[in-house]
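Visitor: Below is the file my_file-v5.csv, with CSV, C-alpha atoms.
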chain,number,residue,atom,x,y,z
A,1,MET,CA,9.8,30.9,-39.1
A,2,PHE,CA,11.6,33.3,-36.7
A,3,THR,CA,11.6,37.0,-36.1
A,4,ILE,CA,14.8,38.5,-34.8
A,5,SER,CA,14.5,41.8,-32.8
A,6,ILE,CA,18.1,42.2,-31.7
A,7,ASP,CA,19.6,45.6,-32.5
A,8,PRO,CA,23.0,45.1,-34.2
A,9,ILE,CA,24.2,48.2,-32.3
A,10,ILE,CA,24.8,47.4,-28.7
A,11,PHE,CA,25.3,51.1,-27.7
A,12,ASN,CA,26.5,54.4,-29.0
A,13,ILE,CA,29.3,56.6,-27.8
A,14,GLY,CA,28.7,59.9,-29.6
A,15,HIS,CA,28.9,59.0,-33.3
A,16,PHE,CA,30.7,55.8,-32.6
A,17,ALA,CA,28.6,52.6,-32.4
A,18,VAL,CA,29.6,49.4,-30.7
A,19,ARG,CA,28.2,46.6,-32.8
A,20,TRP,CA,27.6,42.9,-32.2
A,21,TYR,CA,29.2,42.3,-35.6
A,22,SER,CA,32.6,43.7,-34.5
A,23,LEU,CA,32.6,41.9,-31.1
A,24,ILE,CA,31.7,38.5,-32.6
A,25,LEU,CA,34.2,38.9,-35.4
A,26,MET,CA,37.0,39.7,-32.9
A,27,ALA,CA,35.9,36.6,-30.8
A,28,ALA,CA,36.0,34.4,-33.9
A,29,ILE,CA,39.5,35.7,-34.9
A,30,ALA,CA,40.8,35.2,-31.3
A,31,VAL,CA,39.5,31.6,-31.2
A,32,GLY,CA,41.0,30.9,-34.7
A,33,VAL,CA,44.4,32.3,-33.8
A,34,TRP,CA,44.5,30.5,-30.5
A,35,LEU,CA,43.7,27.1,-32.0
A,36,THR,CA,46.1,27.8,-34.9
A,37,ALA,CA,48.9,28.6,-32.4
A,38,ARG,CA,48.2,25.4,-30.5
A,39,GLU,CA,48.3,23.3,-33.6
A,40,ALA,CA,51.4,25.1,-34.9
A,41,GLU,CA,53.3,24.4,-31.7
A,42,ARG,CA,52.5,20.7,-32.1
A,43,LYS,CA,54.0,20.9,-35.6
A,44,GLY,CA,57.2,22.5,-34.4
A,45,PHE,CA,56.4,26.2,-34.6
A,46,LYS,CA,56.8,28.6,-31.7
A,47,LYS,CA,53.6,30.0,-30.3
A,48,ASP,CA,55.0,33.6,-30.0
A,49,ASP,CA,56.0,33.5,-33.7
A,50,ILE,CA,52.6,32.5,-34.7
A,51,TYR,CA,50.9,35.2,-32.7
A,52,ASP,CA,53.2,37.8,-34.3
A,53,ALA,CA,52.5,36.4,-37.8
A,54,ALA,CA,48.8,36.3,-37.1
A,55,VAL,CA,48.6,40.1,-37.0
A,56,TRP,CA,49.7,40.4,-40.7
A,57,ILE,CA,47.6,37.5,-41.8
A,58,ILE,CA,44.5,39.0,-40.1
A,59,VAL,CA,45.2,42.3,-41.8
A,60,GLY,CA,45.5,40.6,-45.2
A,61,GLY,CA,42.4,38.7,-44.6
A,62,LEU,CA,40.3,41.7,-43.6
A,63,ILE,CA,41.5,43.7,-46.6
A,64,GLY,CA,40.7,40.8,-48.9
A,65,ALA,CA,37.3,40.2,-47.3
A,66,ARG,CA,36.2,43.8,-47.6
A,67,LEU,CA,37.6,44.2,-51.1
A,68,PHE,CA,35.6,41.2,-52.4
A,69,HIS,CA,32.4,42.3,-50.7
A,70,VAL,CA,32.7,45.9,-52.0
A,71,LEU,CA,33.3,44.6,-55.6
A,72,ASP,CA,30.4,42.2,-55.4
A,73,HIS,CA,28.0,44.9,-54.1
A,74,TRP,CA,29.4,48.0,-55.8
A,75,PRO,CA,26.5,48.8,-58.1
A,76,ASP,CA,23.7,48.5,-55.5
A,77,GLU,CA,25.5,49.6,-52.3
A,78,TYR,CA,28.7,51.6,-52.8
A,79,ALA,CA,28.6,53.3,-56.2
A,80,ALA,CA,26.4,56.1,-55.0
A,81,ASN,CA,28.5,56.6,-51.8
A,82,PRO,CA,32.0,55.1,-52.2
A,83,ILE,CA,33.2,56.3,-48.8
A,84,ARG,CA,31.0,53.5,-47.3
A,85,ALA,CA,33.4,51.0,-48.6
A,86,PHE,CA,35.6,51.9,-45.6
A,87,TYR,CA,32.8,51.4,-43.1
A,88,ILE,CA,33.9,47.9,-42.2
A,89,TRP,CA,32.2,48.1,-38.7
A,90,GLU,CA,28.8,48.0,-40.4
A,91,GLY,CA,29.4,44.5,-41.6
A,92,GLY,CA,30.0,43.1,-45.1
A,93,LEU,CA,33.0,40.8,-45.4
A,94,ALA,CA,33.3,38.2,-48.1
A,95,ILE,CA,34.7,34.9,-46.8
A,96,TRP,CA,36.5,34.1,-50.0
A,97,GLY,CA,38.2,37.4,-49.9
A,98,ALA,CA,39.4,36.8,-46.3
A,99,ILE,CA,40.8,33.4,-47.3
A,100,ILE,CA,42.6,34.7,-50.4
A,101,GLY,CA,43.9,37.8,-48.6
A,102,GLY,CA,45.0,35.7,-45.6
A,103,LEU,CA,46.7,33.2,-47.8
A,104,ILE,CA,48.7,35.9,-49.6
A,105,ALA,CA,49.8,37.4,-46.3
A,106,ALA,CA,50.6,34.0,-44.9
A,107,ALA,CA,52.7,33.1,-47.9
A,108,LEU,CA,54.7,36.3,-47.6
A,109,VAL,CA,55.2,35.7,-43.9
A,110,CYS,CA,56.5,32.2,-44.6
A,111,TRP,CA,58.8,33.4,-47.3
A,112,LYS,CA,60.3,36.1,-45.0
A,113,ARG,CA,60.7,33.7,-42.0
A,114,GLY,CA,61.8,30.6,-43.9
A,115,TRP,CA,58.8,28.6,-42.8
A,116,LEU,CA,57.1,25.7,-44.7
A,117,PHE,CA,54.0,27.3,-46.1
A,118,PRO,CA,52.0,24.0,-46.5
A,119,LYS,CA,52.8,23.1,-42.9
A,120,LEU,CA,51.5,26.4,-41.6
A,121,LEU,CA,48.3,26.0,-43.7
A,122,ASP,CA,47.6,22.6,-42.1
A,123,ALA,CA,48.1,24.1,-38.6
A,124,GLY,CA,45.6,26.9,-39.5
A,125,ALA,CA,42.9,24.9,-41.2
A,126,PRO,CA,40.9,23.7,-38.2
A,127,GLY,CA,41.1,27.2,-36.5
A,128,LEU,CA,40.1,28.9,-39.8
A,129,VAL,CA,36.9,26.9,-40.3
A,130,LEU,CA,35.9,27.2,-36.6
A,131,ALA,CA,36.4,31.0,-36.8
A,132,GLN,CA,34.2,31.0,-39.9
A,133,ALA,CA,31.5,29.2,-38.0
A,134,ILE,CA,31.6,31.6,-35.1
A,135,GLY,CA,31.6,34.6,-37.4
A,136,ARG,CA,28.4,33.5,-39.0
A,137,ILE,CA,26.7,34.2,-35.7
A,138,ALA,CA,27.4,37.9,-36.4
A,139,CYS,CA,25.7,37.6,-39.8
A,140,VAL,CA,22.6,36.2,-38.1
A,141,ILE,CA,22.3,39.2,-35.8
A,142,THR,CA,23.0,41.8,-38.4
A,143,GLY,CA,21.1,40.2,-41.2
A,144,ASP,CA,24.2,40.1,-43.4
A,145,ALA,CA,24.5,37.4,-46.1
A,146,MET,CA,20.9,36.3,-45.8
A,147,GLY,CA,19.4,34.4,-48.7
A,148,LYS,CA,16.4,34.9,-50.8
A,149,PRO,CA,12.9,35.6,-49.4
A,150,THR,CA,11.1,32.4,-48.3
A,151,ASP,CA,7.6,31.2,-47.4
A,152,GLY,CA,9.0,28.6,-45.1
A,153,PRO,CA,9.4,26.4,-43.3
A,154,PHE,CA,12.6,28.0,-42.0
A,155,GLY,CA,13.2,31.8,-42.4
A,156,PHE,CA,14.4,34.8,-40.4
A,157,ALA,CA,12.6,38.2,-40.4
A,158,TYR,CA,14.0,41.3,-38.8
A,159,THR,CA,12.5,44.3,-37.0
A,160,SER,CA,15.6,46.6,-36.2
A,161,PRO,CA,16.2,49.4,-38.7
A,162,ASN,CA,19.9,48.9,-38.3
A,163,VAL,CA,20.1,45.4,-39.9
A,164,MET,CA,21.4,44.8,-43.4
A,165,VAL,CA,18.4,42.9,-45.0
A,166,PRO,CA,16.7,44.7,-47.9
A,167,GLN,CA,13.3,44.9,-46.2
A,168,LEU,CA,12.1,44.5,-42.6
A,169,GLY,CA,9.4,42.0,-41.8
A,170,VAL,CA,10.2,39.8,-44.7
A,171,TYR,CA,11.3,36.2,-44.1
A,172,TYR,CA,14.7,35.4,-45.7
A,173,THR,CA,16.5,32.1,-46.1
A,174,PRO,CA,19.0,31.9,-43.2
A,175,MET,CA,22.1,31.0,-45.2
A,176,PRO,CA,24.5,31.9,-42.4
A,177,VAL,CA,22.8,29.3,-40.2
A,178,TYR,CA,23.3,26.6,-42.8
A,179,GLU,CA,26.9,27.6,-43.2
A,180,LEU,CA,27.5,27.7,-39.5
A,181,VAL,CA,26.3,24.1,-39.2
A,182,VAL,CA,28.3,22.9,-42.2
A,183,ASN,CA,31.4,24.7,-41.0
A,184,LEU,CA,31.2,22.9,-37.6
A,185,GLY,CA,30.9,19.6,-39.5
A,186,ILE,CA,34.0,20.4,-41.5
A,187,PHE,CA,35.8,21.4,-38.3
A,188,ALA,CA,34.9,18.0,-36.8
A,189,VAL,CA,36.3,16.2,-39.9
A,190,LEU,CA,39.6,18.2,-39.8
A,191,TRP,CA,40.0,17.7,-36.1
A,192,GLN,CA,39.8,14.0,-36.5
A,193,LEU,CA,42.2,14.0,-39.5
A,194,ARG,CA,44.8,16.5,-38.2
A,195,LYS,CA,47.2,13.9,-36.6
A,196,ARG,CA,47.4,11.6,-39.7
A,197,ASN,CA,50.8,11.0,-41.2
A,198,TRP,CA,50.1,13.1,-44.3
A,199,ALA,CA,52.2,15.2,-46.5
A,200,ASP,CA,52.3,18.9,-45.5
A,201,GLY,CA,49.4,20.8,-47.0
A,202,LYS,CA,47.0,17.9,-47.4
A,203,LEU,CA,44.8,18.8,-44.5
A,204,PHE,CA,44.3,22.3,-45.8
A,205,LEU,CA,43.4,20.9,-49.2
A,206,VAL,CA,40.7,18.7,-47.5
A,207,TYR,CA,39.4,21.9,-46.0
A,208,LEU,CA,39.5,23.7,-49.3
A,209,THR,CA,37.6,21.1,-51.2
A,210,LEU,CA,34.9,20.6,-48.6
A,211,TYR,CA,34.5,24.3,-48.0
A,212,SER,CA,34.3,25.0,-51.8
A,213,LEU,CA,31.5,22.4,-52.1
A,214,GLU,CA,29.7,24.0,-49.3
A,215,ARG,CA,29.9,27.5,-50.7
A,216,PHE,CA,28.9,26.4,-54.2
A,217,PHE,CA,25.7,24.7,-53.2
A,218,LEU,CA,24.7,27.1,-50.4
A,219,ALA,CA,25.1,30.0,-52.8
A,220,PHE,CA,22.0,28.8,-54.6
A,221,THR,CA,20.0,30.0,-51.6
A,222,SER,CA,21.7,33.4,-51.6
A,223,SER,CA,20.5,36.7,-53.1
A,224,TYR,CA,24.0,37.6,-54.4
A,225,ARG,CA,24.4,39.2,-57.8
A,226,ILE,CA,25.0,36.9,-60.7
A,227,ILE,CA,28.4,37.5,-62.2
A,228,ALA,CA,28.8,35.1,-65.1
A,229,PHE,CA,27.6,31.7,-66.3
A,230,GLY,CA,24.6,32.0,-64.0
A,231,MET,CA,26.8,31.9,-60.9
A,232,THR,CA,27.6,34.3,-58.1
A,233,GLN,CA,31.1,35.5,-57.2
A,234,SER,CA,31.2,33.0,-54.4
A,235,GLN,CA,30.3,30.1,-56.7
A,236,ILE,CA,32.9,31.0,-59.3
A,237,VAL,CA,35.6,31.1,-56.7
A,238,ALA,CA,34.3,27.9,-55.2
A,239,VAL,CA,34.6,26.1,-58.6
A,240,PHE,CA,38.2,27.1,-58.8
A,241,GLY,CA,38.9,26.2,-55.2
A,242,PHE,CA,37.3,22.8,-55.6
A,243,ALA,CA,39.2,22.1,-58.8
A,244,ILE,CA,42.5,23.2,-57.4
A,245,GLY,CA,42.0,21.3,-54.1
A,246,LEU,CA,40.9,18.1,-55.7
A,247,ALA,CA,43.7,18.1,-58.3
A,248,LEU,CA,46.4,18.7,-55.7
A,249,LEU,CA,44.9,16.0,-53.4
A,250,ALA,CA,45.0,13.5,-56.3
A,251,TRP,CA,48.6,14.5,-57.0
A,252,MET,CA,49.9,14.3,-53.4
A,253,PRO,CA,51.1,11.0,-51.9
A,254,ARG,CA,48.8,9.2,-49.5
A,255,LYS,CA,51.3,9.0,-46.7
A,256,LEU,CA,54.4,10.9,-45.8
A,257,SER,CA,57.5,8.7,-46.0
A,258,MET,CA,59.4,11.1,-43.7
A,259,ASN,CA,57.7,13.2,-41.1
A,260,PRO,CA,60.1,16.1,-40.3
A,261,HIS,CA,59.0,18.6,-37.6
A,262,LYS,CA,61.1,21.5,-38.9
A,263,ALA,CA,58.9,24.6,-39.2
Is it possible to give me this structure as C-alpha cells?
Guide:
Amino acid sequence: MFTISIDPIIFNIGHFAVRWYSLILMAAIAVGVWLTAREAERKGFKKDDIYDAAVWIIVGGLIGARLFHVLDHWPDEYAANPIRAFYIWEGGLAIWGAIIGGLIAAALVCWKRGWLFPKLLDAGAPGLVLAQAIGRIACVITGDAMGKPTDGPFGFAYTSPNVMVPQLGVYYTPMPVYELVVNLGIFAVLWQLRKRNWADGKLFLVYLTLYSLERFFLAFTSSYRIIAFGMTQSQIVAVFGFAIGLALLAWMPRKLSMNPHKA
C-alpha cells in the first residue's frame, strides 16, 4: 500500500495553475506523434505531412476524450456546475473518446488528402498505445481513473486536496498502473509485428482487439458508473471494439500479395 503526497499543481501564476496532468499529457502526445511520424515515413508518408495532420487528429481526440468523460460523469460532477466541463486542465479524459474522436479526425484528413486510411492507422498504432501508457502516469499523480477502495495488497492513498479521488486517506485500486503495464505490453507486441507483410489496417486491428480486452477486464476494478447490462461505458465500448476488431481480423487475408508503398 502506498501513500502519494505529490500535489497535482506544480505552481500557480495568478488564477492559472500549471499541473502535472497537462505536462505529462503533452509529453505523451509528443512521443506518440513522433513515433507515428517515424513509422509513417517508413510506410511512404512524408513526415511534415504527418505533423500537420497530427494537429487536427489531436484536436479531435481531445474533444472526444472530454466529451466521453463529461457524459460518463455528468450526474455526479458536472450537472450542478456545467461550466466545469470545459476545465480540461483539471484532468478527466476518457481514452475511448480520444480514440474515437481521433479516428474520425484521421479519417477526414485521409479523405481530404487522398491517403490510405488503414495504412495511416497502422503507422499510428504503436505510438498511440505508447502515448496511452505515458498518459497514465498523469492519472497516478492526479488520482484520476482510480478504481474501487481496497484493503490490499496494492493500493494508493492521497494526501493533497487537489487530487481527483473521492476521499483523502482512503486506499484505491490503482487501475492506471495496471493499464500502464498492459499498454507497454501491447506496445511491445505491436513493435515486433509492425514490419510483417500484412494487409493495411491489420496491425491497428491487433491493437484494437488487445486494448479492448484490456479495458473490458480492468474496468471491473474501476468505480465508474454502470450504464447498462451491468457494464460501464468503457466496457460497453470495449465489447464493440473487440467484436469489430476480431471480425475484421478474421475477414482480412493473412498476408499481403502486393505491398505497395503509396501513401
Visitor: For Leu128 (chain A), find every residue with an atom within 9 Å (counting all atoms listed in the file), except residues of its own chain fewer than 4 positions away, and show them as a list of chain:residue names.
Guide: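 Using all atoms listed in the file, the neighbours found are A:Ile29, A:Gly32, A:Val33, A:Leu35, A:Thr36, A:Ile99, A:Gly124, A:Gln132, A:Ala133, A:Phe187.
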Visitor: To one decimal place, how far is CA of Arg113 (chain A) from CA of Phe45 (chain A) in Å?
Guide: 11.4 Å
Visitor: So, counting all atoms listed in the file, which residue among A:Ser212, A:Thr150, A:Ser22, A:Ser5 is closest to Arg136 (chain A)?
Guide: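 Ranked by minimum distance to Arg136 (chain A), first place goes to A:Ser22.
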Visitor: Taking (30.3, 32.6, -61.6) in the file's coordinates as the center, which residues reach within 12 Å of it, counting all atoms listed in the file, put as a ChimeraX atom specification?
Guide: /A:72,216,219-220,224-240
Visitor: Write out as a compact mmCIF listing (two decimals) with C-alpha atoms, in the frame of the given file each polymer residue whose atoms come within 10 Å of Gly155 (chain A), counting all atoms listed in the file; drop sequence neighbours fewer than 2 positions from it.
Guide:
# COMPACT_ATOMS: atom_id res chain seq x y z
CA MET A 1 9.80 30.90 -39.10
CA PHE A 2 11.60 33.30 -36.70
CA THR A 3 11.60 37.00 -36.10
CA MET A 146 20.90 36.30 -45.80
CA GLY A 147 19.40 34.40 -48.70
CA LYS A 148 16.40 34.90 -50.80
CA PRO A 149 12.90 35.60 -49.40
CA THR A 150 11.10 32.40 -48.30
CA ASP A 151 7.60 31.20 -47.40
CA GLY A 152 9.00 28.60 -45.10
CA PRO A 153 9.40 26.40 -43.30
CA ALA A 157 12.60 38.20 -40.40
CA VAL A 170 10.20 39.80 -44.70
CA TYR A 171 11.30 36.20 -44.10
CA TYR A 172 14.70 35.40 -45.70
CA THR A 173 16.50 32.10 -46.10
CA PRO A 174 19.00 31.90 -43.20
CA MET A 175 22.10 31.00 -45.20
Visitor: Write out as a ChimeraX atom specification each polymer residue whose atoms come within 8 Å of Leu168 (chain A), counting only C-alpha atoms; drop sequence neighbours fewer than 6 positions from it.
Guide: /A:157-161
Visitor: For a test of reading the model, state the distance in Å between CA of Arg194 (chain A) and CA of Asp122 (chain A), rounded to one decimal.
Guide: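 Separation of CA of Arg194 (chain A) and CA of Asp122 (chain A): 7.8 Å.
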Visitor: Which value, in Å to one decimal, gives the distance between CA of Asp76 (chain A) and CA of Pro166 (chain A)?
Guide: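 Straight-line distance from CA of Asp76 (chain A) to CA of Pro166 (chain A) works out to 11.0 Å.
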Visitor: Show me the residues around (26.6, 42.1, -40.7) - criterion: an atom at most 9 Å away, all atoms listed in the file counted - as a list in words.
Guide: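 The requested residues, written out, are Pro8, Trp20, Tyr21, Ser22, Trp89, Glu90, Gly91, Gly92, Leu93, Arg136, Ala138, Cys139, Val140, Ile141, Thr142, Gly143, Asp144, Ala145, Val163 and Met164 of chain A.
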Visitor: Closest to Asp48 (chain A) among A:Trp34, A:Ile95, A:Ile63, A:Met252, using all atoms listed in the file?
Guide: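 Distance minimum relative to Asp48 (chain A) lands on A:Trp34.
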Visitor: Go through A:Phe117, A:Phe217, A:Trp74, A:Phe68 and flag the residue nearest Asp200 (chain A), using all atoms listed in the file for the distances.
Guide: A:Phe117
Visitor: Set up a box along x, y and z of the file covering all listed atoms of region 186-192 of chain A, add 8 Å on every one of the six sides, and write the centre and edge lengths in Å to one decimal, as JSON.
Guide:
{"center_x": 37.0, "center_y": 17.7, "center_z": -38.8, "size_x": 22.0, "size_y": 23.4, "size_z": 21.4}
